[in-house]
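J.: Have a look at the structure that comes next, please.
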Amino acid sequence: IAQIFLLSPKMIFNVMNSLIYTVLIYLIYLHVKGNKEDKPLYLLLIHLALWFLLPVFGQTCIWLVGSCNYLWTTVLILWFLWIYRKNCKKNSVVKLIGIFLLGILAGWTNENTSAGLIVILICYMLTNKFINKEKISKLQIVGIIGALIGFGMMILAPGNFVRTEEFQDNSFILVKIIKRAISMTVTAGDYLLPIVILLIVAISIEIYNNRKMKKDIYIFIIGGIATIYSMVLSPTFPERSWTGVIVFLLIACLILIYD
């Protein structure tokens with residue numbers, strides 16, 4: 001995506017990127033709203049949340065290469081996930097092929113966000129099977145296969161091994177993972193504190209009112225946590241990589257507030 005825009009006049013990217021950012025806001029809104037009545041004010045709230053919560057908004061939503069790597073890929077992931085969550089029982093061959101190809105693209109986007117996506121997909125499958133007592137649909141099976149193929153293609157790309165070799169750390173693998181996990185937990189306090197506080201307050205209100213929380217909330221929180229700690233396998237955790245974490249946790253938080 002970035003290479004195509006780098007070969008085109010900058011104005012084309014400026015217009016398209018603005019449209020894609022608007023699509024991101026709308027997709028987050030769809031995930032938050034579900035089947036409930038419309039509350040357009042949330043579109044503004046989502047934009048403000050992204051503006052204030054994303055640690056490097058300019059790098060992930062405005063800069064050409066950064067936007068293609070994070071903004072555009074997050075839109076692909078949320079678009080695929082929206083179709084997956086709807087879980088249509090009756091699907092034509094064309095729909096199944098479409099979700100398979102979209103799954104490949106969604107899985108082939110961003111290392112830790114794609115890992116979080118796959119965890120979310122698995123959670124939805126398990127929820128439908130063991131809690132809702134529903135049969136796992138062909139759409140879900142085909143979708144997750146596509147996502148796993150795309151994820152595998154990305155992880156096994158030669159560039160990943162080249163980048164890994166640039167960071168020399170001869171520590172025992174278990175020691176490296178523990179050190180990275182501790183570092184991520186400490187850093188999470190810098191980036192996620194506002195969302196965590198909102199989640200705690202919203203969950204406390206739900207408990208106080210004896211209301212049962214939706215399964216989607218748990219699933220997106222688990223997906224956000226998985227998006228963080230999947231990076232234990234990476235020698236670095238750049239600020240841009242917190243984008244998917246914040247988007248998943250923001251969806252969980254806004255679902256609670258929407259109710």
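In the structure tokens, the first chain shown is A, the next is B, and so on; residue numbers restart at 1 for each chain, and ligands run from 1 in the order shown.
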I'd like the neighbourhood of Phe237 (chain A) as a PyMOL selection string, where a residue qualifies if any of its atoms comes within 12 Å (using only C-alpha atoms), though same-chain residues fewer than 4 positions away should be ignored.
T.: chain A and resi 111-112+180-181+183-185+187-188+227-233+241-243
J.: Would you mind exporting the chosen residues as a PDB file, in the first residue's frame, restricted to N, CA, C and O atoms?
T.:
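Listed below is the output, again_25.pdb:
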ATOM      1  N   GLU A 111       2.232  -7.507  13.061  1.00  0.00           N
ATOM      2  CA  GLU A 111       2.589  -8.668  13.871  1.00  0.00           C
ATOM      3  C   GLU A 111       1.742  -8.850  15.132  1.00  0.00           C
ATOM      4  O   GLU A 111       1.055  -9.867  15.285  1.00  0.00           O
ATOM      5  N   ASN A 112       1.760  -7.857  16.020  1.00  0.00           N
ATOM      6  CA  ASN A 112       1.061  -8.085  17.295  1.00  0.00           C
ATOM      7  C   ASN A 112      -0.448  -7.885  17.184  1.00  0.00           C
ATOM      8  O   ASN A 112      -1.216  -8.578  17.849  1.00  0.00           O
ATOM      9  N   ARG A 180      11.257  -9.167  28.820  1.00  0.00           N
ATOM     10  CA  ARG A 180      10.417  -8.380  27.905  1.00  0.00           C
ATOM     11  C   ARG A 180       9.005  -8.220  28.455  1.00  0.00           C
ATOM     12  O   ARG A 180       8.409  -7.139  28.347  1.00  0.00           O
ATOM     13  N   ALA A 181       8.462  -9.292  29.047  1.00  0.00           N
ATOM     14  CA  ALA A 181       7.107  -9.231  29.605  1.00  0.00           C
ATOM     15  C   ALA A 181       7.024  -8.208  30.739  1.00  0.00           C
ATOM     16  O   ALA A 181       6.054  -7.441  30.829  1.00  0.00           O
ATOM     17  N   SER A 183       9.024  -5.603  31.129  1.00  0.00           N
ATOM     18  CA  SER A 183       9.187  -4.284  30.515  1.00  0.00           C
ATOM     19  C   SER A 183       7.871  -3.809  29.885  1.00  0.00           C
ATOM     20  O   SER A 183       7.491  -2.642  30.016  1.00  0.00           O
ATOM     21  N   MET A 184       7.160  -4.727  29.206  1.00  0.00           N
ATOM     22  CA  MET A 184       5.885  -4.369  28.579  1.00  0.00           C
ATOM     23  C   MET A 184       4.841  -3.980  29.618  1.00  0.00           C
ATOM     24  O   MET A 184       4.054  -3.048  29.418  1.00  0.00           O
ATOM     25  N   THR A 185       4.823  -4.704  30.733  1.00  0.00           N
ATOM     26  CA  THR A 185       3.859  -4.417  31.796  1.00  0.00           C
ATOM     27  C   THR A 185       4.091  -3.023  32.374  1.00  0.00           C
ATOM     28  O   THR A 185       3.141  -2.272  32.619  1.00  0.00           O
ATOM     29  N   THR A 187       5.646  -0.510  30.813  1.00  0.00           N
ATOM     30  CA  THR A 187       5.343   0.469  29.764  1.00  0.00           C
ATOM     31  C   THR A 187       3.842   0.634  29.571  1.00  0.00           C
ATOM     32  O   THR A 187       3.360   1.723  29.248  1.00  0.00           O
ATOM     33  N   ALA A 188       3.085  -0.446  29.775  1.00  0.00           N
ATOM     34  CA  ALA A 188       1.622  -0.397  29.614  1.00  0.00           C
ATOM     35  C   ALA A 188       1.013   0.670  30.517  1.00  0.00           C
ATOM     36  O   ALA A 188       0.016   1.306  30.154  1.00  0.00           O
ATOM     37  N   THR A 227      -2.471  -8.860  22.334  1.00  0.00           N
ATOM     38  CA  THR A 227      -1.746  -7.978  21.415  1.00  0.00           C
ATOM     39  C   THR A 227      -0.498  -7.400  22.067  1.00  0.00           C
ATOM     40  O   THR A 227       0.521  -7.175  21.416  1.00  0.00           O
ATOM     41  N   ILE A 228      -0.576  -7.173  23.380  1.00  0.00           N
ATOM     42  CA  ILE A 228       0.608  -6.679  24.104  1.00  0.00           C
ATOM     43  C   ILE A 228       1.669  -7.773  24.208  1.00  0.00           C
ATOM     44  O   ILE A 228       2.808  -7.618  23.751  1.00  0.00           O
ATOM     45  N   TYR A 229       1.281  -8.893  24.804  1.00  0.00           N
ATOM     46  CA  TYR A 229       2.283  -9.889  25.207  1.00  0.00           C
ATOM     47  C   TYR A 229       2.734 -10.811  24.070  1.00  0.00           C
ATOM     48  O   TYR A 229       3.680 -11.575  24.250  1.00  0.00           O
ATOM     49  N   SER A 230       2.091 -10.701  22.907  1.00  0.00           N
ATOM     50  CA  SER A 230       2.627 -11.413  21.742  1.00  0.00           C
ATOM     51  C   SER A 230       3.985 -10.829  21.349  1.00  0.00           C
ATOM     52  O   SER A 230       4.787 -11.484  20.680  1.00  0.00           O
ATOM     53  N   MET A 231       4.245  -9.591  21.788  1.00  0.00           N
ATOM     54  CA  MET A 231       5.504  -8.941  21.441  1.00  0.00           C
ATOM     55  C   MET A 231       6.687  -9.441  22.272  1.00  0.00           C
ATOM     56  O   MET A 231       7.810  -8.949  22.110  1.00  0.00           O
ATOM     57  N   VAL A 232       6.458 -10.409  23.170  1.00  0.00           N
ATOM     58  CA  VAL A 232       7.602 -10.987  23.896  1.00  0.00           C
ATOM     59  C   VAL A 232       8.538 -11.713  22.940  1.00  0.00           C
ATOM     60  O   VAL A 232       9.707 -11.949  23.256  1.00  0.00           O
ATOM     61  N   LEU A 233       8.039 -12.051  21.767  1.00  0.00           N
ATOM     62  CA  LEU A 233       8.863 -12.735  20.779  1.00  0.00           C
ATOM     63  C   LEU A 233       9.652 -11.767  19.905  1.00  0.00           C
ATOM     64  O   LEU A 233      10.424 -12.189  19.050  1.00  0.00           O
ATOM     65  N   SER A 241       3.412   0.205  17.837  1.00  0.00           N
ATOM     66  CA  SER A 241       2.795  -1.109  17.991  1.00  0.00           C
ATOM     67  C   SER A 241       1.721  -1.156  19.077  1.00  0.00           C
ATOM     68  O   SER A 241       1.055  -2.183  19.241  1.00  0.00           O
ATOM     69  N   TRP A 242       1.542  -0.059  19.808  1.00  0.00           N
ATOM     70  CA  TRP A 242       0.467   0.001  20.805  1.00  0.00           C
ATOM     71  C   TRP A 242      -0.871   0.358  20.168  1.00  0.00           C
ATOM     72  O   TRP A 242      -1.902   0.355  20.848  1.00  0.00           O
ATOM     73  N   THR A 243      -0.877   0.649  18.871  1.00  0.00           N
ATOM     74  CA  THR A 243      -2.111   1.063  18.190  1.00  0.00           C
ATOM     75  C   THR A 243      -3.205   0.016  18.310  1.00  0.00           C
ATOM     76  O   THR A 243      -4.335   0.311  18.722  1.00  0.00           O
TER      77      THR A 243
END
J.: Can you check which parts of region 171-250 of chain A lie within 12 Å of region 61-80 of chain A? Per residue, the shortest pair of atoms and distance in Å to one decimal, counting only C-alpha atoms, sorted by chain and number, as CSV.
T.:
residue,atom,partner,partner_atom,distance
A:Phe220,CA,A:Leu78,CA,11.7
A:Pro238,CA,A:Gly66,CA,11.9
A:Glu239,CA,A:Tyr70,CA,11.4
A:Arg240,CA,A:Tyr70,CA,7.6
A:Ser241,CA,A:Tyr70,CA,8.0
A:Trp242,CA,A:Tyr70,CA,9.7
A:Thr243,CA,A:Tyr70,CA,7.1
A:Gly244,CA,A:Thr74,CA,6.9
A:Val245,CA,A:Thr74,CA,10.6
A:Ile246,CA,A:Thr74,CA,11.1
A:Val247,CA,A:Thr74,CA,8.5
A:Phe248,CA,A:Leu78,CA,9.4
J.: In Å, with one decimal, what is the gap from CA of Thr113 (chain A) to CA of Lys86 (chain A)?
T.: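 For CA of Thr113 (chain A) relative to CA of Lys86 (chain A), the distance reads 20.4 Å.
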J.: Could you check the closest approach to Leu139 (chain A) for each of A:Ala252, A:Ala157, A:Cys88, A:Leu174 and tell me which residue wins, using only C-alpha atoms?
T.: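 Nearest candidate to Leu139 (chain A) out of A:Ala252, A:Ala157, A:Cys88, A:Leu174: A:Cys88.
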J.: Quick one: of A:Gly107, A:Pro194, A:Leu45, A:Lys90, who's nearest to Tyr29 (chain A), counting only C-alpha atoms?
T.: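 Looking at the shortest contact to Tyr29 (chain A), the residue is A:Leu45.
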J.: Just checking: using only C-alpha atoms, which residue out of A:Trp51, A:Phe151, A:Tyr208, A:Trp82 ends up closest to Thr109 (chain A)?
T.: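 Among the listed residues, A:Phe151 lies closest to Thr109 (chain A).
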J.: Rank nothing, just name the residue among A:Gly98, A:Pro158, A:Pro235, A:Gly143 nearest to Ile122 (chain A), using only C-alpha atoms.
T.: A:Gly143
J.: Just to confirm, what's the straight-line distance from CA of Leu105 (chain A) to CA of Leu148 (chain A) in Å (one decimal)?
T.: 10.1 Å
J.: In Å, rounded to a single decimal, give me how far CA of His31 (chain A) is from CA of Ser114 (chain A).
T.: 17.2 Å
J.: Extract, using only C-alpha atoms, all DNA, RNA and protein residues at most 12 Å from Ile257 (chain A), discarding same-chain residues fewer than 4 positions from it, and format them as a PDB file with N, CA and C atoms, in the first residue's frame.
T.:
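Resulting contents of out_24.pdb:
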ATOM      1  N   VAL A  32     -18.790  -1.180  18.587  1.00  0.00           N
ATOM      2  CA  VAL A  32     -19.290  -0.722  19.883  1.00  0.00           C
ATOM      3  C   VAL A  32     -20.816  -0.775  19.924  1.00  0.00           C
ATOM      4  N   LYS A  33     -21.454  -0.288  18.880  1.00  0.00           N
ATOM      5  CA  LYS A  33     -22.915  -0.172  18.832  1.00  0.00           C
ATOM      6  C   LYS A  33     -23.612  -1.513  18.740  1.00  0.00           C
ATOM      7  N   LYS A  39     -26.135   6.275  18.192  1.00  0.00           N
ATOM      8  CA  LYS A  39     -25.783   7.426  19.027  1.00  0.00           C
ATOM      9  C   LYS A  39     -24.595   8.116  18.343  1.00  0.00           C
ATOM     10  N   TYR A  42     -21.013   9.293  19.558  1.00  0.00           N
ATOM     11  CA  TYR A  42     -19.885   8.385  19.796  1.00  0.00           C
ATOM     12  C   TYR A  42     -18.843   8.457  18.682  1.00  0.00           C
ATOM     13  N   LEU A  45     -16.614  11.030  19.952  1.00  0.00           N
ATOM     14  CA  LEU A  45     -15.892  10.519  21.121  1.00  0.00           C
ATOM     15  C   LEU A  45     -14.775   9.565  20.701  1.00  0.00           C
ATOM     16  N   ILE A  46     -15.047   8.729  19.700  1.00  0.00           N
ATOM     17  CA  ILE A  46     -14.035   7.778  19.220  1.00  0.00           C
ATOM     18  C   ILE A  46     -12.842   8.535  18.631  1.00  0.00           C
ATOM     19  N   ILE A 195      -7.431   4.233  29.776  1.00  0.00           N
ATOM     20  CA  ILE A 195      -8.393   3.200  29.379  1.00  0.00           C
ATOM     21  C   ILE A 195      -8.650   2.249  30.540  1.00  0.00           C
ATOM     22  N   LEU A 198     -10.979   3.873  33.006  1.00  0.00           N
ATOM     23  CA  LEU A 198     -12.348   3.880  32.474  1.00  0.00           C
ATOM     24  C   LEU A 198     -12.982   2.494  32.549  1.00  0.00           C
ATOM     25  N   LEU A 199     -12.191   1.475  32.215  1.00  0.00           N
ATOM     26  CA  LEU A 199     -12.699   0.100  32.285  1.00  0.00           C
ATOM     27  C   LEU A 199     -13.085  -0.273  33.717  1.00  0.00           C
ATOM     28  N   ILE A 200     -12.219   0.060  34.662  1.00  0.00           N
ATOM     29  CA  ILE A 200     -12.493  -0.273  36.066  1.00  0.00           C
ATOM     30  C   ILE A 200     -13.769   0.422  36.542  1.00  0.00           C
ATOM     31  N   VAL A 201     -13.909   1.713  36.207  1.00  0.00           N
ATOM     32  CA  VAL A 201     -15.103   2.462  36.617  1.00  0.00           C
ATOM     33  C   VAL A 201     -16.358   1.878  35.976  1.00  0.00           C
ATOM     34  N   ALA A 202     -16.291   1.627  34.659  1.00  0.00           N
ATOM     35  CA  ALA A 202     -17.461   1.111  33.944  1.00  0.00           C
ATOM     36  C   ALA A 202     -17.852  -0.288  34.429  1.00  0.00           C
ATOM     37  N   ILE A 203     -16.849  -1.147  34.644  1.00  0.00           N
ATOM     38  CA  ILE A 203     -17.131  -2.496  35.139  1.00  0.00           C
ATOM     39  C   ILE A 203     -17.711  -2.434  36.554  1.00  0.00           C
ATOM     40  N   SER A 204     -17.188  -1.520  37.374  1.00  0.00           N
ATOM     41  CA  SER A 204     -17.697  -1.370  38.745  1.00  0.00           C
ATOM     42  C   SER A 204     -19.168  -0.949  38.739  1.00  0.00           C
ATOM     43  N   ILE A 205     -19.526  -0.053  37.821  1.00  0.00           N
ATOM     44  CA  ILE A 205     -20.927   0.384  37.709  1.00  0.00           C
ATOM     45  C   ILE A 205     -21.813  -0.787  37.282  1.00  0.00           C
ATOM     46  N   GLU A 206     -21.312  -1.594  36.334  1.00  0.00           N
ATOM     47  CA  GLU A 206     -22.072  -2.768  35.889  1.00  0.00           C
ATOM     48  C   GLU A 206     -22.310  -3.732  37.051  1.00  0.00           C
ATOM     49  N   MET A 213     -22.277  -8.523  32.123  1.00  0.00           N
ATOM     50  CA  MET A 213     -21.483  -7.934  31.046  1.00  0.00           C
ATOM     51  C   MET A 213     -21.512  -8.819  29.805  1.00  0.00           C
ATOM     52  N   ILE A 217     -17.118  -7.861  25.575  1.00  0.00           N
ATOM     53  CA  ILE A 217     -16.217  -7.050  26.402  1.00  0.00           C
ATOM     54  C   ILE A 217     -15.021  -7.883  26.845  1.00  0.00           C
ATOM     55  N   LEU A 250     -10.164   0.012  23.637  1.00  0.00           N
ATOM     56  CA  LEU A 250     -11.118   1.115  23.490  1.00  0.00           C
ATOM     57  C   LEU A 250     -12.501   0.588  23.113  1.00  0.00           C
ATOM     58  N   ILE A 251     -12.538  -0.410  22.231  1.00  0.00           N
ATOM     59  CA  ILE A 251     -13.822  -1.007  21.855  1.00  0.00           C
ATOM     60  C   ILE A 251     -14.501  -1.626  23.071  1.00  0.00           C
ATOM     61  N   ALA A 252     -13.736  -2.390  23.875  1.00  0.00           N
ATOM     62  CA  ALA A 252     -14.297  -2.999  25.080  1.00  0.00           C
ATOM     63  C   ALA A 252     -14.830  -1.927  26.027  1.00  0.00           C
ATOM     64  N   CYS A 253     -14.061  -0.861  26.203  1.00  0.00           N
ATOM     65  CA  CYS A 253     -14.435   0.206  27.122  1.00  0.00           C
ATOM     66  C   CYS A 253     -15.701   0.916  26.636  1.00  0.00           C
TER      67      CYS A 253
END
J.: Tell me which of A:Gly103, A:Ile182, A:Val175, A:His47 sits closest to Ile144 (chain A), counting only C-alpha atoms.
T.: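 Nearest to Ile144 (chain A): A:Gly103.
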J.: Which is closer to Ile221 (chain A) than all the others in A:Lys135, A:Phe52, A:Gly189, A:Ile255, using only C-alpha atoms?
T.: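 Checking each of A:Lys135, A:Phe52, A:Gly189, A:Ile255 against Ile221 (chain A), counting only C-alpha atoms, the winner is A:Ile255.
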